[in-house]
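*Asks:* Sharing a structure below in structure tokens format, with a few things to ask.
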Amino acid sequence: MDGAWLLAGLVRQSSALVKVQTWATWRPLSEADTTDLSGLSAHLRQHARARGGAHRRLNMALPRDFVHEGFIDFPLEWPEKDWLYEVQLDVAQALQLAPDEVHFDFEPAPYSDGLVRRVHWVGCAQAQMAVYKNCIRAAGWRLAAVEMEQQAAQRGVRALKGGSLSLLTQAPQDWQFELDRVMPRPPDASAAPSEESDDTIAQALDQIMRTPGGARLVAAGLALKAWH
């Protein structure tokens, strides 16, 4: 991260579509110290007052060099309530930390061979997350999920109305997202006729992530996770 934080808010446009409602950027006063997040906390508090309501959830994405990721396969007969501990052990082993020293999140991956359920996890040191959690909590928000930038960007482009063409030709403030594309496709389901190939999406992401629009796509993908 370069120290800048981009916040995105989406609003429902119809029963099937959401659109961008607001973008907000915060940068620390000193580029030399990006760990002082008191200004970010005040920024979030200001947006909380403007937004109103009691339930304020924040989804956050981190760059690849800040977190680890991995996959773990569970037998189909394993109950989901038992995943948590096994994932925590896997993350701790990858980070070479004690289980209670890691912060992690996970979700089912779109893969199955009929014998296992694959889970995708992301994790980092608990100490690294403590600063962010305290900042967000002090502003009256709750950190609901943490994932990698690439995950959020992929969710955004897959749900974007018009797909990669809209991604590369529309201004971010004009983006619309189709809610029925936010949920991951079941492993045994065939792709919709209009769905773009993974290669097409990867090429579009490679282009947009080199521009300021990449950060906006990540932020929109995080906001879409609320409908996940």
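Here, A, B, ... name the chains of the structure tokens in the order displayed, residue numbers run from 1 inside each chain, and ligands are numbered from 1 in the same displayed order.
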Can you list, as an NGL selection string, all residues belonging to region 4-209 of chain A that DSSP tags as strand (DSSP E or B)?
*Replies:* :A and (5-12 or 17-26 or 57-62 or 68-75 or 102-108 or 116-125 or 142-148 or 160 or 176-178)
*Asks:* Got a sec: who's within 12 Å of Gln13 (chain A), counting only C-alpha atoms, leaving out chain neighbours fewer than 2 positions off, as a list in words?
*Replies:* Leu10, Val11, Ser15, Ala16, Leu17, Val18, Lys19, Val20, Gln21, Trp175, Gln176, Phe177, Glu178 and Leu179 of chain A
*Asks:* Within 12 Å of Leu165 (chain A), counting only C-alpha atoms, which residues qualify if same-chain residues fewer than 5 places away don't, as a PDB file with N, CA and C atoms, in the first residue's frame?
*Replies:*
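Result went into around.pdb, see below:
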ATOM      1  N   VAL A 157     -15.224  -7.337 -11.162  1.00  0.00           N
ATOM      2  CA  VAL A 157     -15.328  -7.425 -12.618  1.00  0.00           C
ATOM      3  C   VAL A 157     -16.319  -8.505 -13.040  1.00  0.00           C
ATOM      4  N   ARG A 158     -16.433  -9.584 -12.278  1.00  0.00           N
ATOM      5  CA  ARG A 158     -17.389 -10.635 -12.634  1.00  0.00           C
ATOM      6  C   ARG A 158     -18.833 -10.164 -12.469  1.00  0.00           C
ATOM      7  N   LEU A 160     -19.715  -6.891 -12.735  1.00  0.00           N
ATOM      8  CA  LEU A 160     -19.899  -5.631 -13.447  1.00  0.00           C
ATOM      9  C   LEU A 160     -20.788  -5.811 -14.672  1.00  0.00           C
ATOM     10  N   GLN A 170     -15.927   2.496 -19.258  1.00  0.00           N
ATOM     11  CA  GLN A 170     -16.788   3.348 -18.445  1.00  0.00           C
ATOM     12  C   GLN A 170     -15.995   4.026 -17.335  1.00  0.00           C
ATOM     13  N   ALA A 171     -16.448   5.213 -16.949  1.00  0.00           N
ATOM     14  CA  ALA A 171     -15.887   5.859 -15.763  1.00  0.00           C
ATOM     15  C   ALA A 171     -16.359   5.088 -14.532  1.00  0.00           C
ATOM     16  N   TRP A 175     -20.238   2.715 -13.023  1.00  0.00           N
ATOM     17  CA  TRP A 175     -20.321   1.257 -12.938  1.00  0.00           C
ATOM     18  C   TRP A 175     -21.619   0.814 -12.276  1.00  0.00           C
ATOM     19  N   GLU A 196     -17.864 -14.243 -19.232  1.00  0.00           N
ATOM     20  CA  GLU A 196     -16.572 -14.146 -19.891  1.00  0.00           C
ATOM     21  C   GLU A 196     -15.618 -15.221 -19.389  1.00  0.00           C
ATOM     22  N   THR A 200     -10.089 -13.757 -20.387  1.00  0.00           N
ATOM     23  CA  THR A 200     -10.559 -12.407 -20.716  1.00  0.00           C
ATOM     24  C   THR A 200     -10.583 -11.528 -19.476  1.00  0.00           C
ATOM     25  N   ILE A 201     -11.078 -12.090 -18.380  1.00  0.00           N
ATOM     26  CA  ILE A 201     -11.137 -11.340 -17.125  1.00  0.00           C
ATOM     27  C   ILE A 201      -9.733 -11.021 -16.630  1.00  0.00           C
ATOM     28  N   GLN A 203      -6.989 -10.627 -18.350  1.00  0.00           N
ATOM     29  CA  GLN A 203      -6.380  -9.588 -19.179  1.00  0.00           C
ATOM     30  C   GLN A 203      -6.932  -8.207 -18.821  1.00  0.00           C
ATOM     31  N   ALA A 204      -8.247  -8.136 -18.597  1.00  0.00           N
ATOM     32  CA  ALA A 204      -8.857  -6.858 -18.227  1.00  0.00           C
ATOM     33  C   ALA A 204      -8.353  -6.391 -16.866  1.00  0.00           C
ATOM     34  N   LEU A 205      -8.235  -7.326 -15.925  1.00  0.00           N
ATOM     35  CA  LEU A 205      -7.736  -6.971 -14.599  1.00  0.00           C
ATOM     36  C   LEU A 205      -6.295  -6.492 -14.662  1.00  0.00           C
ATOM     37  N   GLN A 207      -4.899  -4.888 -16.990  1.00  0.00           N
ATOM     38  CA  GLN A 207      -4.885  -3.509 -17.487  1.00  0.00           C
ATOM     39  C   GLN A 207      -5.382  -2.523 -16.436  1.00  0.00           C
ATOM     40  N   ILE A 208      -6.530  -2.830 -15.818  1.00  0.00           N
ATOM     41  CA  ILE A 208      -7.140  -1.860 -14.908  1.00  0.00           C
ATOM     42  C   ILE A 208      -6.328  -1.693 -13.631  1.00  0.00           C
TER      43      ILE A 208
END
*Asks:* Would you mind writing down, as a PyMOL selection string, each residue of region 112-170 of chain A that DSSP on the backbone assigns to helix (DSSP H, G or I)?
*Replies:* chain A and resi 126-138+149-159+163-169
*Asks:* For region 209-217 of chain A, work out the shell of residues within 7 Å, counting only C-alpha atoms and skipping chain neighbours fewer than 5 positions away, then give it as number ranges by chain.
*Replies:* A: 153, 156, 172
*Asks:* When distances are computed from only C-alpha atoms, which of A:Leu37, A:Arg142, A:Ala159, A:Ala4 shows the smallest separation from Leu62 (chain A)?
*Replies:*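 Closest candidate: A:Ala4.
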*Asks:* Between A:Trp26, A:Asp82, A:Glu147, A:Val87, which has the minimum distance to Leu58 (chain A) (counting only C-alpha atoms)?
*Replies:*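 Using only C-alpha atoms, Leu58 (chain A) sits closest to A:Glu147.
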*Asks:* Between A:Asp174, A:Asp105, A:Asp206, A:Glu69, which is the closest to Gln93 (chain A) once you count only C-alpha atoms?
*Replies:*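 Nearest to Gln93 (chain A): A:Glu69.
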*Asks:* Would you write out, as CSV, a table of all residues in region 116-222 of chain A that have an atom no more than 10 Å from an atom of region 42-51 of chain A, listing for each the closest atom pair and the distance in Å to one decimal, considering only C-alpha atoms and ordering rows by chain and rising residue number?
*Replies:*
residue,atom,partner,partner_atom,distance
A:Cys135,CA,A:Ala42,CA,9.0
A:Ile136,CA,A:Leu44,CA,7.5
A:Arg137,CA,A:Arg45,CA,9.8
A:Ala138,CA,A:Arg45,CA,8.2
A:Ala139,CA,A:Arg45,CA,4.6
A:Gly140,CA,A:Arg45,CA,6.6
A:Trp141,CA,A:Ala48,CA,7.8
